[in-house]
Amino acid sequence: MKGLRVFFVGGYISYRALFGFLSPWVFVPTLVLTPIFQILLFAYIGRAAGARSDEFYVIGNAMQYASVPCLFAMTQTIADERFWQTLGPILISPAGRLPMFLGRALPVIANGLFVAAFSLFAGGLLLGVHLSGAEWLRLAPVLLVATFSCTGLGLINAALGLRIRETAVLSNVFVGILLVFCGANIAVDSLPAWMGHVGRALPLTHGIEAARDVARGASLHAVRGLVATEALIGILYGVVGFGLIRWFELQSRRLATLERV
Amino acid sequence: MRTLRLLAFSWLLHFKMLSQSAFDGFLAILWPLFFATVAFFMFRHGHRSGALGPVALGAAVMGVWTATSVSASSALQRERRMGTLELLVASPTNLAFVLLPVTLATSTIGLYCIVATLIWARVLFGIHVPVEHPLPFALGILGIVVTIGSLGFLMAVAFVRSRRAWAIGALTEYPIWLVCGFLVPISLLPGWVRPISWALGPTWGMRAIHAGAFGGPAWADAGVCFALALCYVAAGALLLGRMVDGARRAATLSLT
């Protein structure tokens, strides 16, 4: 029961306290408007290049932009404890590490889901990409799994944030890598072979492919393989991320570097 | 003469500081490379792979705005956070002369981006950008750095009352890339966007650079680019006086 409280209540409070984008003056420009501009940018580049349809870029970029809250929020809600000098008191508390850190991921997933869904809706509205109610219903679980998976990468990012000072730079680098490799704007099959392999090992790639299939009318059953792979990648990244957090915690205790900023 | 010395030394000081920053220096160079890479692949796989030269040039110039948008818009907020804003306002030098070199330094960081992106395009994608007329090309580059620095100055002043100015600056990154025709021809955008493009100095700077590289008349475009930069500085200086007076009167200058 205590673990559940730490997971839900503690996670929510930590998220509200530490995720600096929650002020409307930051949230609206960065997580509501910017993804729409990213969609427009790539849709127009696509038109200029004579490449893919608008739908391709709307879905790809709406989902890729979910990586911004997933990476930044996950990192801030864990690594910023160090910045605010609260990491020590938290780590000496008897609360279990698993509910304490993973509980913070739940609001992050919800935020990522909102960003992806809203961008998809607004981008589609602006560029005339229509999705029916049934397609939205089928897309919802795909978006949820993709944001969950990306939050797994966010956990790794957060763990690295316990060692690296420049977390904003690190998060932006991960966002950039996802932009190039996860098939948001270039189909993974069109990338050079080695880039395709990297892309398939990253979160979002299978989710974006599944979402595009669903938008073309495929059933959830037809894309279950892609969704399952996406979920598996998310779990794998999450496990590695949590392991890294624990390892860095032990390392920082041993080296007395816990709160060095 | 003293003003020129102040501008030059202040620009150099901030340029050195920004060059050492992981966020304002390293990331500002790396970030546009991700977008350039995506754009190169998109054009290569599209029906217009012949346009890769102009795309490489546009992608290179994008970095100048990336380096400026967030750093410049939050320049005054940064001074406020460090506790130096009051000292700068109280000094006998006009605050505009203190702030302008800061934003010009941010856009100068963009020169790194231009070089890095052109090397990236050449080495990894085999894209060669010819420079048919080096002098207008160089003037275009100078024009884009000056006009973007000046636009950054105007933004820094306009957002001085916002504690989250960086977010507004970040918001402008993609629209400016799009509207100024860095990667997408302006003719492809809706008609109502074009007057906005014409009011933005980077549009004309990009045209001058393009003409310098691939041939065509560049001088008029470069002239408009510099003229718009002057307008931004004048507007920013006027606005800055009002903002500072307002903040002094309300005793809110140092509120973070």
# chains A, B, ... in the order shown; residues from 1 in each chain; ligands from 1
>>> closest_atom_pairs(of="chain A", to="chain B", cutoff="6 Å", atoms="only C-alpha atoms", output="tab-separated table")
residue	atom	partner	partner_atom	distance
A:Val26	CA	B:Ala167	CA	5.5
A:Pro29	CA	B:Leu171	CA	5.6
A:Thr34	CA	B:Leu171	CA	5.6
A:Phe37	CA	B:Tyr174	CA	6.0
A:Leu41	CA	B:Leu178	CA	5.9
A:Ile45	CA	B:Val184	CA	5.7
A:Ala48	CA	B:Val184	CA	6.0
A:Ala49	CA	B:Phe43	CA	4.7
A:Gly50	CA	B:Gly46	CA	4.9
A:Ala51	CA	B:Gly46	CA	4.1
A:Val169	CA	B:Phe23	CA	5.8
A:Gly176	CA	B:Phe34	CA	5.6
A:Val180	CA	B:Val38	CA	5.8
>>> write_last_selection(atoms="C-alpha atoms", output="compact mmCIF listing (two decimals), in the first residue's frame")
# COMPACT_ATOMS: atom_id res chain seq x y z
CA VAL A 26 6.51 27.26 -21.25
CA PRO A 29 4.96 27.42 -26.62
CA THR A 34 6.16 24.00 -31.46
CA PHE A 37 5.30 24.11 -36.40
CA LEU A 41 8.04 22.52 -41.45
CA ILE A 45 9.93 20.35 -46.90
CA ALA A 48 9.31 20.99 -51.79
CA ALA A 49 11.26 17.75 -52.09
CA GLY A 50 8.41 15.94 -53.81
CA ALA A 51 8.72 13.24 -51.17
CA VAL A 169 22.01 19.29 -24.12
CA GLY A 176 17.75 14.88 -32.59
CA VAL A 180 16.87 11.28 -37.84
>>> select_by_dssp(residues="region 38-255 of chain A", states="alpha helix (DSSP H)", output="number ranges by chain")
A: 38-49, 54-65, 67-83, 87-91, 97-102, 105-127, 133-161, 167-181, 193-200, 205-215, 224-255
>>> closest_residue(among="B:Met155, B:Ala59, B:Ile114, B:Ala222", to="Ile209 (chain B)", atoms="only C-alpha atoms")
B:Ala222
>>> residues_around(residues="Glu230 (chain A)", least_positions_apart="3", cutoff="8 Å", atoms="only C-alpha atoms", output="mmCIF file with N, CA and C atoms, in the first residue's frame")
data_model
loop_
_atom_site.group_PDB
_atom_site.id
_atom_site.type_symbol
_atom_site.label_atom_id
_atom_site.label_comp_id
_atom_site.auth_asym_id
_atom_site.auth_seq_id
_atom_site.Cartn_x
_atom_site.Cartn_y
_atom_site.Cartn_z
ATOM 1 N N VAL A 145 1.542 3.200 -26.235
ATOM 2 C CA VAL A 145 2.703 2.298 -26.183
ATOM 3 C C VAL A 145 3.958 3.041 -26.645
ATOM 4 N N ALA A 146 3.823 3.882 -27.663
ATOM 5 C CA ALA A 146 4.990 4.613 -28.178
ATOM 6 C C ALA A 146 5.524 5.593 -27.129
ATOM 7 N N SER A 149 7.230 3.678 -24.425
ATOM 8 C CA SER A 149 8.534 3.208 -24.891
ATOM 9 C C SER A 149 9.570 4.336 -24.846
ATOM 10 N N PRO A 203 13.222 3.548 -29.528
ATOM 11 C CA PRO A 203 11.785 3.699 -29.309
ATOM 12 C C PRO A 203 11.160 4.543 -30.414
ATOM 13 N N LEU A 204 9.890 4.474 -30.555
ATOM 14 C CA LEU A 204 9.062 5.246 -31.502
ATOM 15 C C LEU A 204 9.041 4.658 -32.908
ATOM 16 N N THR A 205 10.133 4.050 -33.368
ATOM 17 C CA THR A 205 10.213 3.607 -34.764
ATOM 18 C C THR A 205 9.048 2.666 -35.118
ATOM 19 N N HIS A 206 8.864 1.616 -34.305
ATOM 20 C CA HIS A 206 7.793 0.660 -34.609
ATOM 21 C C HIS A 206 6.428 1.272 -34.349
ATOM 22 N N GLY A 207 6.361 2.147 -33.344
ATOM 23 C CA GLY A 207 5.103 2.816 -33.028
ATOM 24 C C GLY A 207 4.645 3.707 -34.174
ATOM 25 N N LEU A 226 4.118 -4.978 -34.453
ATOM 26 C CA LEU A 226 4.845 -3.709 -34.311
ATOM 27 C C LEU A 226 4.643 -3.121 -32.914
ATOM 28 N N VAL A 227 3.378 -3.162 -32.453
ATOM 29 C CA VAL A 227 3.076 -2.593 -31.135
ATOM 30 C C VAL A 227 3.789 -3.387 -30.041
ATOM 31 N N ILE A 233 10.669 -2.901 -26.556
ATOM 32 C CA ILE A 233 11.792 -1.947 -26.569
ATOM 33 C C ILE A 233 11.671 -0.996 -25.377
ATOM 34 N N GLY A 234 10.433 -0.556 -25.118
ATOM 35 C CA GLY A 234 10.209 0.351 -23.985
ATOM 36 C C GLY A 234 10.581 -0.303 -22.668
#
>>> atom_distance(atom1="CA of Met62 (chain B)", atom2="CA of Tyr112 (chain B)")
11.5 Å
>>> atom_distance(atom1="CA of Phe101 (chain A)", atom2="CA of Ser252 (chain A)")
17.0 Å
>>> closest_residue(among="B:Pro54, B:Gly143, B:Gly205, B:Gly149", to="Ala72 (chain B)", atoms="only C-alpha atoms")
B:Gly149
>>> closest_residue(among="B:Leu87, B:Ser107, B:Ala121, B:Trp192", to="Thr66 (chain B)", atoms="only C-alpha atoms")
B:Ser107
>>> residues_around(residues="Arg16 (chain A)", least_positions_apart="3", cutoff="12 Å", atoms="only C-alpha atoms", output="short mmCIF file (atom, residue, chain, number, x, y, z; two decimals) with C-alpha atoms, in the first residue's frame")
data_model
loop_
_atom_site.label_atom_id
_atom_site.label_comp_id
_atom_site.auth_asym_id
_atom_site.auth_seq_id
_atom_site.Cartn_x
_atom_site.Cartn_y
_atom_site.Cartn_z
CA VAL A 9 1.14 10.32 -5.16
CA GLY A 10 4.91 10.66 -4.86
CA GLY A 11 5.35 10.38 -8.62
CA TYR A 12 2.71 13.00 -9.28
CA ILE A 13 4.07 15.44 -6.70
CA PHE A 19 9.18 19.44 -14.45
CA GLY A 20 9.91 23.05 -15.31
CA PHE A 21 7.81 23.06 -18.48
CA LEU A 22 4.50 22.94 -16.59
CA SER A 23 4.11 26.71 -16.40
CA ALA A 73 10.30 15.56 -18.14
CA MET A 74 11.74 12.20 -17.16
CA GLN A 76 14.08 16.78 -14.89
CA THR A 77 11.91 14.82 -12.47
CA ILE A 78 14.86 12.63 -11.45
CA ARG A 104 7.44 9.70 -11.88
CA ALA A 105 7.20 8.08 -15.30
CA LEU A 106 3.41 7.83 -15.20
CA PRO A 107 2.63 11.57 -15.55
CA VAL A 108 5.42 11.76 -18.15
CA ASN A 111 2.06 14.21 -20.97
#
>>> closest_residue(among="B:Gly126, B:Gly63, B:Gly181, B:Pro134", to="Ala218 (chain B)", atoms="only C-alpha atoms")
B:Pro134
>>> residues_around(residues="Arg161 (chain B)", least_positions_apart="5", cutoff="9 Å", atoms="only C-alpha atoms", output="list of chain:residue names")
B:Gln77, B:Met243, B:Ala247, B:Leu253
>>> closest_residue(among="A:Gly96, A:Gly103, A:Gly238, A:Gly88", to="Ser14 (chain A)", atoms="only C-alpha atoms")
A:Gly103
>>> atom_distance(atom1="CA of Met82 (chain B)", atom2="CA of Ile109 (chain B)")
21.9 Å
>>> residues_around(residues="Thr68 (chain B)", least_positions_apart="3", cutoff="8 Å", atoms="only C-alpha atoms", output="list in words")
Val64, Trp65, Ser71, Ala72, Ser73, Thr103, Thr106, Ser107, Gly110, Ile148, Gly149 and Gly152 of chain B
